[in-house]
Amino acid sequence: MILKDYQRKVLECTKELLVQLYARREKVERMREVDAEMANSVDWVKQAFDAVAPNRYLRPRENGIGEKLPNFCLKVPTGGGKTLLATRAIDLVNTHYRHNQRGLVLWIVPTSQIYRQTLRALKDRDHPYRQQLDMASAGRTLVLEKGSGFSPADVADHLCVLILMLPSANRQTKETLRMFRDSGGFDRFFPREDDHAGQESLLREIPNLDTFDQESGFWGHQIKTSLGNTLRILKPLIILDEGHKAYSEGAKATLEGFNPCMIVELSATPPKDANVLVEITGKALNDEEMIKLDLNIQNSNSVNWKDTLLAAVEHRKKLEVEAMRLHEQGGDYIRPICVIQVERTGRDQRKSGFIHAEDVREYLLAHADIQPENIAVKSSQKDELKDVDDVGGLMDERCPIRFIITKQALQEGWDCPFAYVLAILTNPGSKTALTQLVGRILRQPYARKTSNALLNESYVYAFQRKGKDLLNEIRKGFGLEGLGDLQGHVALDGERKDLGAMISSPMQKQFKEAARKLILPAFMIRDGEEGWRPVHYETDILSRVPWVQMDASKAFDLTLREETGRGRMRMGLEERIFNEDPEAAAEPLADAASNLDYAFAACHLLDVCPNPWRGNELVRKVFAHYLDSNPRQIVSDNFVHILEHMRGKLGEERDRLAHEVFESLLSSGEMRFIVVSENLGFNRLPKERKIPEKAKRAWKTNGKQFELNLFEDVLEEDMNELENMVASYMEDQEELFFWYRNASRKDYRVQGWKRERIYADFIFALSEQGKVTAEPYSRLYVVETKGTHLMNEDTDYKRTVFNRCTELAQESDWAHLAPEMRSKRMRFEVIAEKEWQSKLNALLAEGVPQKEVTGGR
């Protein structure tokens, strides 16, 4: 599964923290050998957190035996892929912190709905979430429930993921919960009952183990062989889904009492005292097409709730017609669903004056085209969705459900991107909350926009609500989903709170004709004898990379050193660790120290070398090199270090080979950088822009209004400070005809030899200074600006691609398929903040220093 940019940001930050945590913990452990008191005074968790997130406050935590507990939260809005990030986080923790791809993960969820969804996804070997876990464990994944038994061998040989609901983990009623009761299923994790020394030794090491209340005479304390005690021994990694649900004192004490090695929280709305490591905004999700916006609200003043429901039913029907048409044209399968909120669902609650689920069902069945199997009720007493979940879920093409009736049961955890319409039939004075239902209809199917605008937005139909109150509830709902920054995308009967209605910002009349004829070049690959299509990275570049030419020796330049520390001990997995001799108890297992898992290593390189057979060969070559010159123990100790070094070097090799493929395709004529008359969706300028009426407009740096932008309005949020300076400066130049702020992920892009497409910041159309020509402009500049803090290797890559584009745009036949562009010259530039003005001056003075193109073949 290809990650979105914001997901990469989350994982890169997580990896950086884990690397820091491991390094600082090991340093403290080495210090402990010399001065234990000084080592205990060092807060290595805070040091690591401050190094990665210096502007965020860390609230320290300890586990149940007084060890420092790394705990951090990933703040990601609803619809942002928190479960995918959780599976990736497990891999990162095991690789960079635990240094062991096996062991126990305790995955805690807050509701039964999330429990079922998570369990089903992680048990399905074809699901991307399970595939990620299998890649992290080299195919050795065990997904467990509370009632599942597992052995020390399972934990030693597998990545064991135990899924629990938060109420099951709450210690407030521990004596009534099975997981804290003595059980024969876990006795292999504990010393024998008659091994008094072993029992006492384990209690000294892990003093918070539950024991039977009375010392049983001669035998002393007896440890309960319960699941809860087993967790304490194994010191699991805890993944806390919807982490904000676990901040009561009881919940925190319970989690800390499991003696976790780390707690990773994922939440859209973490509490104030959460250790937020990285925060993703709703805008990031919207830019990546993860959510259905705008949210359109129709508020009915009718005295009959059936009128509101009818409007919702008719709109859902209209959406399904559009979805069927899209599917017939080769688009994704979508079956729009209407979620209906009622006031009563219980069997004995059907009374006059309240809208009951069965009232709604009867009304729906009165429609000729709605069948009983199209309707499902979800309540605390009746769950008609469960059977659907068991046979593929709501997104399965065989599923007939189009209407879901609920009161509150879908408020948390329910996830179906096919939900497009929310009908709110509750009485305006009802205390039944709708805030959390809003998030249930925001996920975009398949995490990508369709070609039909109606299927890219979501819809609310409300019965007799006060407009102001309704908007406040919706805005609160957006906040609860972590989407507070997108409140401007909520429209009530065509109006938008604070920002007004969405209006069309027209193209300025003097630019219309020129902009209509403007066609931008793209890298195109032959499609048939005479056809051309846009280049795709995976299909056209990556698939042609000669993996056999990857040079493993590029990763031979590491100097290894002996590692000390406690990262490879498997405590609690074999009886011999309970020996009275502490040295024997601390001895690492031979397997953990010496086994080099090449399959695991190859799996971790799939993102840089998708060919697993070649990846395995490369792994073996690299480790063979280091084993030739280093003891096996040192190579094993540096396993992760070598693997990460390989990833970087082989990534460079992949890009080198992809660049060669790219150039080879250009040389052979199989690929061209050309202008084609066909509208590709990104090679032409948009005809109009939709903007909020009251959104703040941008002004030039001198305080005057922009005049030469392609559209009449320039929004302040569309440009940062550097971009505003560049646009302001260019407006003062005599040669400028018009300029356009190219929208990232929506407008013109360039596909190079790396996966990420390049979206420039500006398109400038310029005339020749001092010349009178028939055309209003003769030069086009495609410009990307880079702030000083953003200059990196990616900047060099973009500059190389843009330089190549400039070269290719000077070829005599680059525009032979679009006569309107034959007389135009183009230049592509990446301009750094420190040189932006001098660079623009040079461009304006030089134009394009190549021969002028007068025509094509």
# chains A, B, ... in the order shown; residues from 1 in each chain; ligands from 1

call {"tool": "residues_around", "arguments": {"residues": "segment 773-789 of chain A", "least_positions_apart": "4", "cutoff": "6 Å", "atoms": "only C-alpha atoms", "output": "list in words"}}
result
Ala760, Asp761, Phe762, Ile763, Phe764, Ala765, Leu766, Ser767, Lys824, Arg825, Met826, Arg827, Phe828, Glu829, Val830, Ile831, Ala832 and Glu833 of chain A

call {"tool": "write_last_selection", "arguments": {"atoms": "C-alpha atoms", "output": "PDB file, in the first residue's frame"}}
result
ATOM      1  CA  ALA A 760       5.363  23.457  -9.159  1.00  0.00           C
ATOM      2  CA  ASP A 761       4.245  26.587  -7.320  1.00  0.00           C
ATOM      3  CA  PHE A 762       3.771  28.975 -10.237  1.00  0.00           C
ATOM      4  CA  ILE A 763       3.162  29.211 -13.944  1.00  0.00           C
ATOM      5  CA  PHE A 764       4.252  32.567 -15.406  1.00  0.00           C
ATOM      6  CA  ALA A 765       3.324  33.680 -18.932  1.00  0.00           C
ATOM      7  CA  LEU A 766       5.647  36.417 -20.237  1.00  0.00           C
ATOM      8  CA  SER A 767       6.077  38.461 -23.393  1.00  0.00           C
ATOM      9  CA  LYS A 824       6.132  29.230 -27.197  1.00  0.00           C
ATOM     10  CA  ARG A 825       9.331  28.711 -25.249  1.00  0.00           C
ATOM     11  CA  MET A 826       9.407  27.067 -21.851  1.00  0.00           C
ATOM     12  CA  ARG A 827      11.695  26.956 -18.893  1.00  0.00           C
ATOM     13  CA  PHE A 828      11.422  24.984 -15.645  1.00  0.00           C
ATOM     14  CA  GLU A 829      13.182  26.321 -12.569  1.00  0.00           C
ATOM     15  CA  VAL A 830      13.648  25.504  -8.883  1.00  0.00           C
ATOM     16  CA  ILE A 831      14.430  28.728  -7.030  1.00  0.00           C
ATOM     17  CA  ALA A 832      15.883  28.770  -3.521  1.00  0.00           C
ATOM     18  CA  GLU A 833      14.819  31.377  -0.981  1.00  0.00           C
TER      19      GLU A 833
END

call {"tool": "residues_around", "arguments": {"residues": "Ala601 of chain A", "least_positions_apart": "4", "cutoff": "8 Å", "atoms": "only C-alpha atoms", "output": "JSON, numbers by chain"}}
result
{"A": [597, 605, 616, 619, 643]}

call {"tool": "residues_around", "arguments": {"residues": "segment 709-726 of chain A", "least_positions_apart": "2", "cutoff": "8 Å", "atoms": "only C-alpha atoms", "output": "ChimeraX atom specification"}}
result
/A:505-508,511,688-689,695-701,706-707,728-730,738-741,761,785,787,833,836-837

call {"tool": "write_last_selection", "arguments": {"atoms": "N, CA, C and O atoms", "output": "CSV table (one decimal), in the first residue's frame"}}
result
chain,number,residue,atom,x,y,z
A,505,SER,N,-14.7,32.0,-8.6
A,505,SER,CA,-13.8,33.1,-8.9
A,505,SER,C,-13.5,33.1,-10.4
A,505,SER,O,-12.8,32.1,-10.8
A,506,PRO,N,-14.0,34.0,-11.1
A,506,PRO,CA,-13.9,33.9,-12.6
A,506,PRO,C,-12.4,34.2,-13.1
A,506,PRO,O,-11.7,34.9,-12.4
A,507,MET,N,-12.1,33.6,-14.2
A,507,MET,CA,-10.9,34.0,-14.9
A,507,MET,C,-11.0,35.4,-15.4
A,507,MET,O,-12.0,35.8,-16.0
A,508,GLN,N,-9.9,36.1,-15.3
A,508,GLN,CA,-10.0,37.5,-15.8
A,508,GLN,C,-10.1,37.5,-17.3
A,508,GLN,O,-9.5,36.7,-18.0
A,511,PHE,N,-7.4,37.4,-20.0
A,511,PHE,CA,-6.5,36.2,-20.1
A,511,PHE,C,-7.2,35.0,-20.7
A,511,PHE,O,-6.6,34.0,-20.9
A,688,GLU,N,-12.3,27.5,-13.9
A,688,GLU,CA,-12.8,28.3,-12.8
A,688,GLU,C,-12.3,27.8,-11.5
A,688,GLU,O,-11.7,26.7,-11.4
A,689,ARG,N,-12.4,28.6,-10.5
A,689,ARG,CA,-12.0,28.2,-9.1
A,689,ARG,C,-13.2,28.4,-8.2
A,689,ARG,O,-13.9,29.5,-8.3
A,695,ALA,N,-13.5,34.2,2.4
A,695,ALA,CA,-12.2,33.9,2.7
A,695,ALA,C,-11.2,35.1,2.5
A,695,ALA,O,-11.5,35.9,1.6
A,696,LYS,N,-10.2,35.1,3.3
A,696,LYS,CA,-9.3,36.3,3.3
A,696,LYS,C,-8.5,36.3,2.0
A,696,LYS,O,-7.9,35.3,1.6
A,697,ARG,N,-8.5,37.4,1.3
A,697,ARG,CA,-7.7,37.6,0.1
A,697,ARG,C,-6.3,38.0,0.4
A,697,ARG,O,-6.0,38.6,1.4
A,698,ALA,N,-5.4,37.6,-0.5
A,698,ALA,CA,-4.0,37.9,-0.4
A,698,ALA,C,-3.7,39.3,-1.0
A,698,ALA,O,-4.4,39.7,-2.0
A,699,TRP,N,-2.7,40.0,-0.5
A,699,TRP,CA,-2.3,41.3,-1.0
A,699,TRP,C,-0.8,41.2,-1.3
A,699,TRP,O,0.0,40.4,-0.7
A,700,LYS,N,-0.4,42.0,-2.2
A,700,LYS,CA,1.1,42.1,-2.5
A,700,LYS,C,1.8,42.6,-1.3
A,700,LYS,O,1.3,43.2,-0.4
A,701,THR,N,3.1,42.4,-1.4
A,701,THR,CA,4.0,42.8,-0.3
A,701,THR,C,3.9,44.4,0.0
A,701,THR,O,4.2,44.8,1.1
A,706,PHE,N,-3.3,42.2,-6.0
A,706,PHE,CA,-2.8,41.5,-7.2
A,706,PHE,C,-3.7,41.8,-8.4
A,706,PHE,O,-4.9,41.8,-8.3
A,707,GLU,N,-3.1,42.0,-9.5
A,707,GLU,CA,-3.8,42.4,-10.7
A,707,GLU,C,-3.7,41.4,-11.9
A,707,GLU,O,-4.5,41.3,-12.8
A,728,SER,N,4.5,38.9,-6.0
A,728,SER,CA,4.5,40.4,-5.9
A,728,SER,C,5.6,40.9,-6.8
A,728,SER,O,5.4,41.9,-7.6
A,729,TYR,N,6.8,40.3,-6.8
A,729,TYR,CA,7.9,40.8,-7.6
A,729,TYR,C,7.6,40.7,-9.1
A,729,TYR,O,7.8,41.6,-9.9
A,730,MET,N,7.1,39.5,-9.5
A,730,MET,CA,6.8,39.3,-10.9
A,730,MET,C,5.7,40.2,-11.4
A,730,MET,O,5.8,40.6,-12.6
A,738,PHE,N,0.4,37.1,-17.4
A,738,PHE,CA,-0.3,36.6,-16.3
A,738,PHE,C,0.5,35.6,-15.5
A,738,PHE,O,1.4,35.1,-16.0
A,739,TRP,N,0.0,35.3,-14.3
A,739,TRP,CA,0.6,34.2,-13.5
A,739,TRP,C,-0.5,33.4,-12.8
A,739,TRP,O,-1.6,33.9,-12.6
A,740,TYR,N,-0.2,32.2,-12.5
A,740,TYR,CA,-1.2,31.3,-11.9
A,740,TYR,C,-0.5,30.5,-10.7
A,740,TYR,O,0.6,30.0,-10.9
A,741,ARG,N,-1.2,30.5,-9.6
A,741,ARG,CA,-0.7,29.7,-8.5
A,741,ARG,C,-1.1,28.2,-8.6
A,741,ARG,O,-2.3,27.9,-8.5
A,761,ASP,N,5.0,25.6,-8.0
A,761,ASP,CA,4.2,26.6,-7.3
A,761,ASP,C,3.6,27.6,-8.3
A,761,ASP,O,2.5,28.0,-8.0
A,785,THR,N,9.4,27.1,-5.8
A,785,THR,CA,10.2,27.8,-4.8
A,785,THR,C,10.5,26.9,-3.6
A,785,THR,O,9.7,26.0,-3.3
A,787,GLY,N,11.9,27.1,0.4
A,787,GLY,CA,12.4,27.9,1.6
A,787,GLY,C,13.7,27.2,2.0
A,787,GLY,O,14.0,26.1,1.8
A,833,GLU,N,15.2,30.1,-1.7
A,833,GLU,CA,14.8,31.4,-1.0
A,833,GLU,C,16.0,32.4,-1.0
A,833,GLU,O,15.7,33.6,-1.2
A,836,TRP,N,16.2,34.0,-4.6
A,836,TRP,CA,15.0,34.1,-5.5
A,836,TRP,C,15.0,35.3,-6.4
A,836,TRP,O,14.7,35.3,-7.5
A,837,GLN,N,15.4,36.5,-5.8
A,837,GLN,CA,15.3,37.7,-6.6
A,837,GLN,C,16.4,37.7,-7.7
A,837,GLN,O,16.1,38.1,-8.9

call {"tool": "atom_distance", "arguments": {"atom1": "atom CA of Lys123 of chain A", "atom2": "atom CA of Val388 of chain A"}}
result
16.6 Å

call {"tool": "residues_around", "arguments": {"residues": "Glu457 of chain A", "least_positions_apart": "4", "cutoff": "12 Å", "atoms": "only C-alpha atoms", "output": "ChimeraX atom specification"}}
result
/A:286,289-297,319,336,417-421,441-445,448-453,489-491

call {"tool": "select_by_dssp", "arguments": {"residues": "segment 38-182 of chain A", "states": "helix (DSSP H, G or I)", "output": "number ranges by chain"}}
result
A: 38-41, 44-52, 82-98, 112-123, 128-136, 152-157, 166-169, 171-176, 178-180

call {"tool": "write_last_selection", "arguments": {"atoms": "C-alpha atoms", "output": "PDB file, in the first residue's frame"}}
result
ATOM      1  CA  MET A  38      23.496   8.541  38.257  1.00  0.00           C
ATOM      2  CA  ALA A  39      21.890   6.315  35.616  1.00  0.00           C
ATOM      3  CA  ASN A  40      18.589   6.349  37.503  1.00  0.00           C
ATOM      4  CA  SER A  41      18.624  10.156  37.557  1.00  0.00           C
ATOM      5  CA  TRP A  44      16.459   9.318  28.707  1.00  0.00           C
ATOM      6  CA  VAL A  45      12.864   9.278  27.440  1.00  0.00           C
ATOM      7  CA  LYS A  46      12.550  13.057  27.825  1.00  0.00           C
ATOM      8  CA  GLN A  47      15.955  13.587  26.238  1.00  0.00           C
ATOM      9  CA  ALA A  48      14.911  11.607  23.180  1.00  0.00           C
ATOM     10  CA  PHE A  49      11.528  13.336  22.938  1.00  0.00           C
ATOM     11  CA  ASP A  50      13.093  16.789  23.245  1.00  0.00           C
ATOM     12  CA  ALA A  51      15.613  15.944  20.528  1.00  0.00           C
ATOM     13  CA  VAL A  52      12.853  15.042  18.054  1.00  0.00           C
ATOM     14  CA  LYS A  82      -4.702   5.202  11.851  1.00  0.00           C
ATOM     15  CA  THR A  83      -4.856   1.395  11.663  1.00  0.00           C
ATOM     16  CA  LEU A  84      -2.378   1.310   8.789  1.00  0.00           C
ATOM     17  CA  LEU A  85      -0.091   3.637  10.727  1.00  0.00           C
ATOM     18  CA  ALA A  86      -0.399   1.358  13.759  1.00  0.00           C
ATOM     19  CA  THR A  87       0.798  -1.671  11.773  1.00  0.00           C
ATOM     20  CA  ARG A  88       3.704   0.353  10.443  1.00  0.00           C
ATOM     21  CA  ALA A  89       4.505   1.639  13.932  1.00  0.00           C
ATOM     22  CA  ILE A  90       4.767  -1.945  15.200  1.00  0.00           C
ATOM     23  CA  ASP A  91       7.352  -2.645  12.537  1.00  0.00           C
ATOM     24  CA  LEU A  92       9.304   0.502  13.418  1.00  0.00           C
ATOM     25  CA  VAL A  93       9.275  -0.216  17.168  1.00  0.00           C
ATOM     26  CA  ASN A  94      10.431  -3.786  16.664  1.00  0.00           C
ATOM     27  CA  THR A  95      13.133  -2.742  14.226  1.00  0.00           C
ATOM     28  CA  HIS A  96      14.531   0.387  15.861  1.00  0.00           C
ATOM     29  CA  TYR A  97      13.701   0.003  19.554  1.00  0.00           C
ATOM     30  CA  ARG A  98      13.132  -3.623  20.521  1.00  0.00           C
ATOM     31  CA  SER A 112     -16.882  -3.783  20.010  1.00  0.00           C
ATOM     32  CA  GLN A 113     -17.326  -2.336  16.528  1.00  0.00           C
ATOM     33  CA  ILE A 114     -13.667  -1.341  16.258  1.00  0.00           C
ATOM     34  CA  TYR A 115     -12.738  -4.681  17.817  1.00  0.00           C
ATOM     35  CA  ARG A 116     -14.561  -6.631  15.108  1.00  0.00           C
ATOM     36  CA  GLN A 117     -13.218  -4.486  12.292  1.00  0.00           C
ATOM     37  CA  THR A 118      -9.635  -4.683  13.532  1.00  0.00           C
ATOM     38  CA  LEU A 119      -9.787  -8.416  14.213  1.00  0.00           C
ATOM     39  CA  ARG A 120     -11.279  -9.158  10.800  1.00  0.00           C
ATOM     40  CA  ALA A 121      -8.656  -7.060   8.996  1.00  0.00           C
ATOM     41  CA  LEU A 122      -5.666  -8.456  10.899  1.00  0.00           C
ATOM     42  CA  LYS A 123      -6.791 -12.070  10.448  1.00  0.00           C
ATOM     43  CA  PRO A 128      -3.062  -4.699   3.557  1.00  0.00           C
ATOM     44  CA  TYR A 129      -2.932  -4.384   7.362  1.00  0.00           C
ATOM     45  CA  ARG A 130      -2.179  -8.094   7.823  1.00  0.00           C
ATOM     46  CA  GLN A 131       0.261  -8.030   4.939  1.00  0.00           C
ATOM     47  CA  GLN A 132       2.157  -5.243   6.655  1.00  0.00           C
ATOM     48  CA  LEU A 133       2.386  -7.311   9.854  1.00  0.00           C
ATOM     49  CA  ASP A 134       3.513 -10.347   7.865  1.00  0.00           C
ATOM     50  CA  MET A 135       6.179  -8.254   6.186  1.00  0.00           C
ATOM     51  CA  ALA A 136       7.355  -7.017   9.586  1.00  0.00           C
ATOM     52  CA  PRO A 152       6.455 -19.201  25.164  1.00  0.00           C
ATOM     53  CA  ALA A 153       7.408 -20.802  21.846  1.00  0.00           C
ATOM     54  CA  ASP A 154       4.694 -18.794  20.068  1.00  0.00           C
ATOM     55  CA  VAL A 155       6.061 -15.524  21.435  1.00  0.00           C
ATOM     56  CA  ALA A 156       9.663 -16.539  20.739  1.00  0.00           C
ATOM     57  CA  ASP A 157       8.972 -17.527  17.126  1.00  0.00           C
ATOM     58  CA  LEU A 166     -10.468  -1.398  26.749  1.00  0.00           C
ATOM     59  CA  PRO A 167     -13.186  -2.523  29.209  1.00  0.00           C
ATOM     60  CA  SER A 168     -11.510  -5.952  29.277  1.00  0.00           C
ATOM     61  CA  ALA A 169      -8.260  -4.313  30.339  1.00  0.00           C
ATOM     62  CA  ARG A 171      -8.444  -3.112  36.503  1.00  0.00           C
ATOM     63  CA  GLN A 172     -11.312  -1.485  38.398  1.00  0.00           C
ATOM     64  CA  THR A 173     -13.147  -4.824  38.329  1.00  0.00           C
ATOM     65  CA  LYS A 174     -10.101  -7.028  37.980  1.00  0.00           C
ATOM     66  CA  GLU A 175     -11.282  -9.819  40.246  1.00  0.00           C
ATOM     67  CA  THR A 176     -14.313 -10.381  38.033  1.00  0.00           C
ATOM     68  CA  ARG A 178     -10.958 -13.666  33.440  1.00  0.00           C
ATOM     69  CA  MET A 179      -7.683 -12.202  32.267  1.00  0.00           C
ATOM     70  CA  PHE A 180      -6.645 -11.649  35.890  1.00  0.00           C
TER      71      PHE A 180
END

call {"tool": "atom_distance", "arguments": {"atom1": "atom CA of Arg316 of chain A", "atom2": "atom CA of Asn301 of chain A"}}
result
20.2 Å

call {"tool": "residues_around", "arguments": {"residues": "Tyr797 of chain A", "least_positions_apart": "3", "cutoff": "10 Å", "atoms": "only C-alpha atoms", "output": "list in words"}}
result
Gly752, Trp753, Lys754, Ile758, Asn792, Glu793, Asp794, Thr800, Val801, Phe802 and Asn803 of chain A

call {"tool": "write_last_selection", "arguments": {"atoms": "C-alpha atoms", "output": "JSON list (two decimals), in the first residue's frame"}}
result
[["chain", "number", "residue", "atom", "x", "y", "z"],
["A", 752, "GLY", "CA", 10.09, 12.04, -13.11],
["A", 753, "TRP", "CA", 11.94, 8.82, -12.31],
["A", 754, "LYS", "CA", 10.88, 8.80, -8.66],
["A", 758, "ILE", "CA", 6.41, 17.30, -8.85],
["A", 792, "ASN", "CA", 17.43, 18.80, 0.79],
["A", 793, "GLU", "CA", 18.18, 15.92, -1.58],
["A", 794, "ASP", "CA", 14.63, 16.16, -2.89],
["A", 800, "THR", "CA", 17.60, 17.83, -12.15],
["A", 801, "VAL", "CA", 14.16, 16.89, -13.49],
["A", 802, "PHE", "CA", 13.29, 20.51, -14.25],
["A", 803, "ASN", "CA", 16.60, 21.05, -16.06]]

call {"tool": "select_by_dssp", "arguments": {"residues": "segment 8-200 of chain A", "states": "strand (DSSP E or B)", "output": "NGL selection string"}}
result
:A and (62 or 68 or 71-75 or 103-109 or 141-144 or 159-165)

call {"tool": "write_last_selection", "arguments": {"atoms": "C-alpha atoms", "output": "PDB file, in the first residue's frame"}}
result
ATOM      1  CA  GLU A  62       6.512   4.669  34.415  1.00  0.00           C
ATOM      2  CA  LYS A  68      10.666   4.610  32.497  1.00  0.00           C
ATOM      3  CA  ASN A  71       4.712   6.950  25.526  1.00  0.00           C
ATOM      4  CA  PHE A  72       3.756   9.091  22.564  1.00  0.00           C
ATOM      5  CA  CYS A  73       0.649   9.941  20.560  1.00  0.00           C
ATOM      6  CA  LEU A  74       0.161  10.216  16.807  1.00  0.00           C
ATOM      7  CA  LYS A  75      -2.611  12.763  16.231  1.00  0.00           C
ATOM      8  CA  GLY A 103       7.396 -10.789  20.719  1.00  0.00           C
ATOM      9  CA  LEU A 104       4.016  -9.611  21.970  1.00  0.00           C
ATOM     10  CA  VAL A 105       1.949  -6.609  20.912  1.00  0.00           C
ATOM     11  CA  LEU A 106      -1.112  -5.697  22.963  1.00  0.00           C
ATOM     12  CA  TRP A 107      -3.539  -3.901  20.632  1.00  0.00           C
ATOM     13  CA  ILE A 108      -6.267  -2.196  22.669  1.00  0.00           C
ATOM     14  CA  VAL A 109      -9.482  -0.811  21.124  1.00  0.00           C
ATOM     15  CA  THR A 141       2.251 -13.393  12.610  1.00  0.00           C
ATOM     16  CA  LEU A 142      -0.223 -14.718  15.156  1.00  0.00           C
ATOM     17  CA  VAL A 143      -3.400 -12.703  15.741  1.00  0.00           C
ATOM     18  CA  LEU A 144      -4.902 -13.523  19.140  1.00  0.00           C
ATOM     19  CA  LEU A 159       4.947 -11.619  16.186  1.00  0.00           C
ATOM     20  CA  CYS A 160       1.930 -12.145  18.445  1.00  0.00           C
ATOM     21  CA  VAL A 161      -0.772  -9.467  18.267  1.00  0.00           C
ATOM     22  CA  LEU A 162      -3.320  -9.765  21.091  1.00  0.00           C
ATOM     23  CA  ILE A 163      -6.434  -7.634  20.514  1.00  0.00           C
ATOM     24  CA  LEU A 164      -8.358  -6.524  23.606  1.00  0.00           C
ATOM     25  CA  MET A 165     -11.219  -4.142  24.254  1.00  0.00           C
TER      26      MET A 165
END

call {"tool": "atom_distance", "arguments": {"atom1": "atom CA of Ala138 of chain A", "atom2": "atom CA of Ala602 of chain A"}}
result
8.4 Å

call {"tool": "residues_around", "arguments": {"residues": "segment 547-550 of chain A", "least_positions_apart": "4", "cutoff": "9 Å", "atoms": "only C-alpha atoms", "output": "list of chain:residue names"}}
result
A:Cys609, A:Pro610, A:Asn611, A:Arg614, A:Gly615, A:Leu618, A:Leu650, A:Glu653, A:Arg654, A:Leu657

call {"tool": "closest_residue", "arguments": {"among": "A:Thr269, A:Ser380, A:Gln464, A:Thr539", "to": "Thr308 of chain A", "atoms": "only C-alpha atoms"}}
result
A:Gln464

call {"tool": "closest_residue", "arguments": {"among": "A:Ala818, A:Ile674, A:Leu227, A:Leu844", "to": "Thr806 of chain A", "atoms": "only C-alpha atoms"}}
result
A:Ile674

call {"tool": "closest_residue", "arguments": {"among": "A:Val19, A:Lys272, A:Arg544, A:Val34", "to": "Leu665 of chain A", "atoms": "only C-alpha atoms"}}
result
A:Arg544

call {"tool": "residues_around", "arguments": {"residues": "Lys318 of chain A", "least_positions_apart": "3", "cutoff": "12 Å", "atoms": "only C-alpha atoms", "output": "MDAnalysis selection string"}}
result
chainID A and resid 311:315 321:325 335:338 420:421 454:455

call {"tool": "write_last_selection", "arguments": {"atoms": "N, CA and C atoms", "output": "CSV table (one decimal), in the first residue's frame"}}
result
chain,number,residue,atom,x,y,z
A,311,ALA,N,-36.3,13.4,1.3
A,311,ALA,CA,-35.3,14.2,0.6
A,311,ALA,C,-33.9,13.4,0.6
A,312,ALA,N,-33.6,12.8,1.8
A,312,ALA,CA,-32.4,12.1,1.9
A,312,ALA,C,-32.4,10.8,1.0
A,313,VAL,N,-33.6,10.1,1.0
A,313,VAL,CA,-33.7,8.9,0.2
A,313,VAL,C,-33.5,9.2,-1.3
A,314,GLU,N,-34.2,10.3,-1.8
A,314,GLU,CA,-34.1,10.7,-3.2
A,314,GLU,C,-32.6,11.1,-3.5
A,315,HIS,N,-32.0,11.8,-2.6
A,315,HIS,CA,-30.6,12.2,-2.9
A,315,HIS,C,-29.7,10.9,-3.0
A,321,VAL,N,-27.3,6.4,-8.9
A,321,VAL,CA,-27.4,6.4,-10.4
A,321,VAL,C,-26.0,6.9,-10.9
A,322,GLU,N,-25.5,8.0,-10.3
A,322,GLU,CA,-24.2,8.5,-10.7
A,322,GLU,C,-23.1,7.4,-10.4
A,323,ALA,N,-23.2,6.7,-9.3
A,323,ALA,CA,-22.1,5.7,-9.0
A,323,ALA,C,-22.2,4.6,-10.0
A,324,MET,N,-23.4,4.1,-10.4
A,324,MET,CA,-23.5,3.1,-11.4
A,324,MET,C,-22.9,3.5,-12.8
A,325,ARG,N,-23.2,4.8,-13.1
A,325,ARG,CA,-22.7,5.3,-14.4
A,325,ARG,C,-21.1,5.3,-14.3
A,335,ARG,N,-21.5,1.9,-3.7
A,335,ARG,CA,-23.0,1.8,-3.4
A,335,ARG,C,-23.3,2.8,-2.3
A,336,PRO,N,-23.8,4.0,-2.6
A,336,PRO,CA,-24.0,5.0,-1.6
A,336,PRO,C,-25.0,4.5,-0.5
A,337,ILE,N,-24.6,4.8,0.7
A,337,ILE,CA,-25.5,4.4,1.9
A,337,ILE,C,-26.0,5.6,2.6
A,338,CYS,N,-27.2,5.6,3.1
A,338,CYS,CA,-27.8,6.6,3.9
A,338,CYS,C,-27.9,6.1,5.3
A,420,TYR,N,-22.7,8.1,2.5
A,420,TYR,CA,-22.6,9.4,1.9
A,420,TYR,C,-23.6,10.4,2.5
A,421,VAL,N,-24.8,9.9,2.9
A,421,VAL,CA,-25.9,10.7,3.4
A,421,VAL,C,-26.2,10.4,4.8
A,454,LEU,N,-20.2,14.9,-7.5
A,454,LEU,CA,-21.2,14.5,-6.5
A,454,LEU,C,-20.8,13.4,-5.6
A,455,LEU,N,-19.9,12.5,-6.1
A,455,LEU,CA,-19.4,11.4,-5.3
A,455,LEU,C,-18.2,11.7,-4.5
